[in-house]
>>> print(open('run-v2.csv').read())   # CSV, C-alpha atoms
chain,number,residue,atom,x,y,z
G,1,ILE,CA,111.1,67.8,114.4
G,2,ALA,CA,110.4,64.5,116.1
G,3,ALA,CA,109.2,66.2,119.2
G,4,ALA,CA,107.0,68.7,117.4
G,5,PRO,CA,103.7,66.7,117.5
G,6,ALA,CA,103.9,66.2,121.3
G,7,SER,CA,105.0,69.7,122.0
G,8,GLY,CA,102.1,71.6,120.4
G,9,ALA,CA,104.6,73.2,117.9
G,10,VAL,CA,103.3,75.6,115.2
G,11,VAL,CA,104.6,74.8,111.7
G,12,THR,CA,104.5,77.3,108.9
G,13,LEU,CA,105.5,76.7,105.3
G,14,ARG,CA,106.0,79.8,103.1
G,15,LEU,CA,106.7,79.9,99.3
G,16,GLN,CA,107.8,83.1,97.6
G,17,PHE,CA,107.3,83.7,93.9
G,18,VAL,CA,108.6,86.4,91.5
G,19,THR,CA,105.1,87.8,91.1
G,20,PRO,CA,102.0,87.4,93.4
G,21,VAL,CA,100.2,84.1,92.8
G,22,PRO,CA,96.5,83.7,93.6
G,23,PRO,CA,96.1,80.8,96.0
G,24,GLY,CA,93.8,78.9,93.6
G,25,ASP,CA,96.5,79.0,90.8
G,26,VAL,CA,98.9,76.6,92.6
G,27,THR,CA,98.5,73.3,94.3
G,28,VAL,CA,101.2,72.5,96.9
G,29,SER,CA,102.1,69.1,98.3
G,30,LEU,CA,104.4,68.2,101.2
G,31,ASN,CA,105.8,64.7,101.2
G,32,GLY,CA,103.1,63.5,98.8
G,33,SER,CA,100.1,65.0,100.7
G,34,GLU,CA,98.2,67.9,99.1
G,35,LEU,CA,98.0,70.9,101.4
G,36,PRO,CA,94.8,73.0,101.9
G,37,THR,CA,94.8,76.3,99.9
G,38,GLY,CA,97.4,78.7,101.2
G,39,ALA,CA,97.0,82.3,102.3
G,40,ALA,CA,98.4,85.0,100.0
G,41,ASN,CA,100.7,87.6,101.5
G,42,GLU,CA,102.2,89.8,98.7
G,43,ARG,CA,104.5,87.4,96.8
G,44,TRP,CA,104.3,84.7,99.5
G,45,LEU,CA,101.8,81.8,99.9
G,46,GLU,CA,101.6,80.7,103.5
G,47,PHE,CA,100.5,77.3,104.8
G,48,ASN,CA,99.9,76.3,108.4
G,49,LEU,CA,100.9,72.6,108.8
G,50,PRO,CA,100.2,70.0,111.4
G,51,PRO,CA,103.4,69.2,113.3
G,52,THR,CA,103.1,65.6,111.9
G,53,GLY,CA,103.4,67.0,108.3
G,54,LEU,CA,107.2,67.2,108.6
G,55,LYS,CA,109.5,64.2,109.0
G,56,PRO,CA,113.1,64.1,110.2
G,57,GLY,CA,115.6,64.5,107.3
G,58,ALA,CA,114.6,65.6,103.8
G,59,ASN,CA,111.0,66.7,103.1
G,60,GLN,CA,109.7,67.2,99.5
G,61,VAL,CA,107.7,70.2,98.5
G,62,LEU,CA,105.9,70.2,95.1
G,63,ALA,CA,104.2,73.2,93.6
G,64,MET,CA,101.9,72.5,90.6
G,65,PHE,CA,100.5,75.5,88.7
G,66,ALA,CA,97.0,75.5,87.1
G,67,ALA,CA,96.8,75.8,83.3
G,68,LYS,CA,95.2,79.3,83.8
G,69,ALA,CA,98.1,80.5,86.0
G,70,LYS,CA,100.3,83.4,84.8
G,71,PRO,CA,103.9,82.4,84.3
G,72,THR,CA,106.1,82.9,87.4
G,73,ARG,CA,108.8,81.0,89.3
G,74,LEU,CA,109.5,80.0,92.9
G,75,THR,CA,112.3,82.1,94.4
G,76,ASP,CA,112.3,81.1,98.1
G,77,LEU,CA,110.9,78.6,100.6
G,78,HIS,CA,110.8,79.0,104.4
G,79,CYS,CA,109.7,76.4,106.9
G,80,THR,CA,109.5,77.4,110.5
G,81,VAL,CA,108.8,75.2,113.6
G,82,ARG,CA,108.0,77.2,116.7
G,83,PHE,CA,107.8,75.4,120.0
G,84,SER,CA,105.9,76.9,122.9
G,85,LYS,CA,108.1,78.3,125.7
G,86,THR,CA,106.6,75.9,128.1
G,87,SER,CA,107.4,72.8,126.0
G,88,VAL,CA,111.1,73.6,125.6
G,89,ARG,CA,113.4,72.4,128.4
>>> encode(input="run-v2.csv", output="structure tokens")
Amino acid sequence: IAAAPASGAVVTLRLQFVTPVPPGDVTVSLNGSELPTGAANERWLEFNLPPTGLKPGANQVLAMFAAKAKPTRLTDLHCTVRFSKTSVR
């Protein structure tokens, strides 16, 4: 994680819900910073993050639902960090 900013890594955060959630119905924060609206992909919301968005160790994800949102619950979370082949030695 510490090498991600200098390496040009691509970081993706994905949240899965029981039912599809319109992106405007949930606000997601990572380590206290609100993320731009995510992209919906079936029951997943996907966020492209800057490599500096993650920190070594524990990271906190918070999902807040709008009052108009239909009831659902978070079932899974994936965070991937992909380094370019040229940056890995």
>>> residues_around(input="run-v2.csv", residues="G:Pro23", least_positions_apart="2", cutoff="10 Å", atoms="all atoms listed in the file", output="list of chain:residue names")
G:Pro20, G:Val21, G:Asp25, G:Val26, G:Thr27, G:Val28, G:Pro36, G:Thr37, G:Gly38, G:Ala39, G:Ala40, G:Asn41, G:Trp44, G:Leu45, G:Glu46
>>> write_last_selection(input="run-v2.csv", atoms="C-alpha atoms", output="short mmCIF file (atom, residue, chain, number, x, y, z; two decimals), in the coordinates of the input")
data_model
loop_
_atom_site.label_atom_id
_atom_site.label_comp_id
_atom_site.auth_asym_id
_atom_site.auth_seq_id
_atom_site.Cartn_x
_atom_site.Cartn_y
_atom_site.Cartn_z
CA PRO G 20 102.00 87.40 93.40
CA VAL G 21 100.20 84.10 92.80
CA ASP G 25 96.50 79.00 90.80
CA VAL G 26 98.90 76.60 92.60
CA THR G 27 98.50 73.30 94.30
CA VAL G 28 101.20 72.50 96.90
CA PRO G 36 94.80 73.00 101.90
CA THR G 37 94.80 76.30 99.90
CA GLY G 38 97.40 78.70 101.20
CA ALA G 39 97.00 82.30 102.30
CA ALA G 40 98.40 85.00 100.00
CA ASN G 41 100.70 87.60 101.50
CA TRP G 44 104.30 84.70 99.50
CA LEU G 45 101.80 81.80 99.90
CA GLU G 46 101.60 80.70 103.50
#
>>> closest_residue(input="run-v2.csv", among="G:Arg82, G:Gly8, G:Gly24, G:Arg43", to="G:Phe65", atoms="only C-alpha atoms")
G:Gly24
>>> atom_distance(input="run-v2.csv", atom1="atom CA of G:Leu30", atom2="atom CA of G:Gln60")
5.7 Å
>>> atom_distance(input="run-v2.csv", atom1="atom CA of G:Gly53", atom2="atom CA of G:Leu74")
21.1 Å
>>> atom_distance(input="run-v2.csv", atom1="atom CA of G:Asp76", atom2="atom CA of G:Phe17")
7.0 Å
>>> closest_residue(input="run-v2.csv", among="G:Leu15, G:Ser84, G:His78, G:Asn31", to="G:Leu54", atoms="only C-alpha atoms")
G:Asn31
>>> closest_residue(input="run-v2.csv", among="G:Pro22, G:Pro50, G:Leu13, G:Ser29", to="G:Ala66", atoms="all atoms listed in the file")
G:Pro22
>>> closest_residue(input="run-v2.csv", among="G:Thr52, G:Thr19, G:Thr12, G:Ser33", to="G:Ala69", atoms="only C-alpha atoms")
G:Thr19
>>> closest_residue(input="run-v2.csv", among="G:Cys79, G:Lys55, G:Arg14, G:Phe47", to="G:Leu35", atoms="only C-alpha atoms")
G:Phe47
>>> closest_residue(input="run-v2.csv", among="G:Pro56, G:Ala9, G:Gln16, G:Asn48", to="G:Thr75", atoms="all atoms listed in the file")
G:Gln16
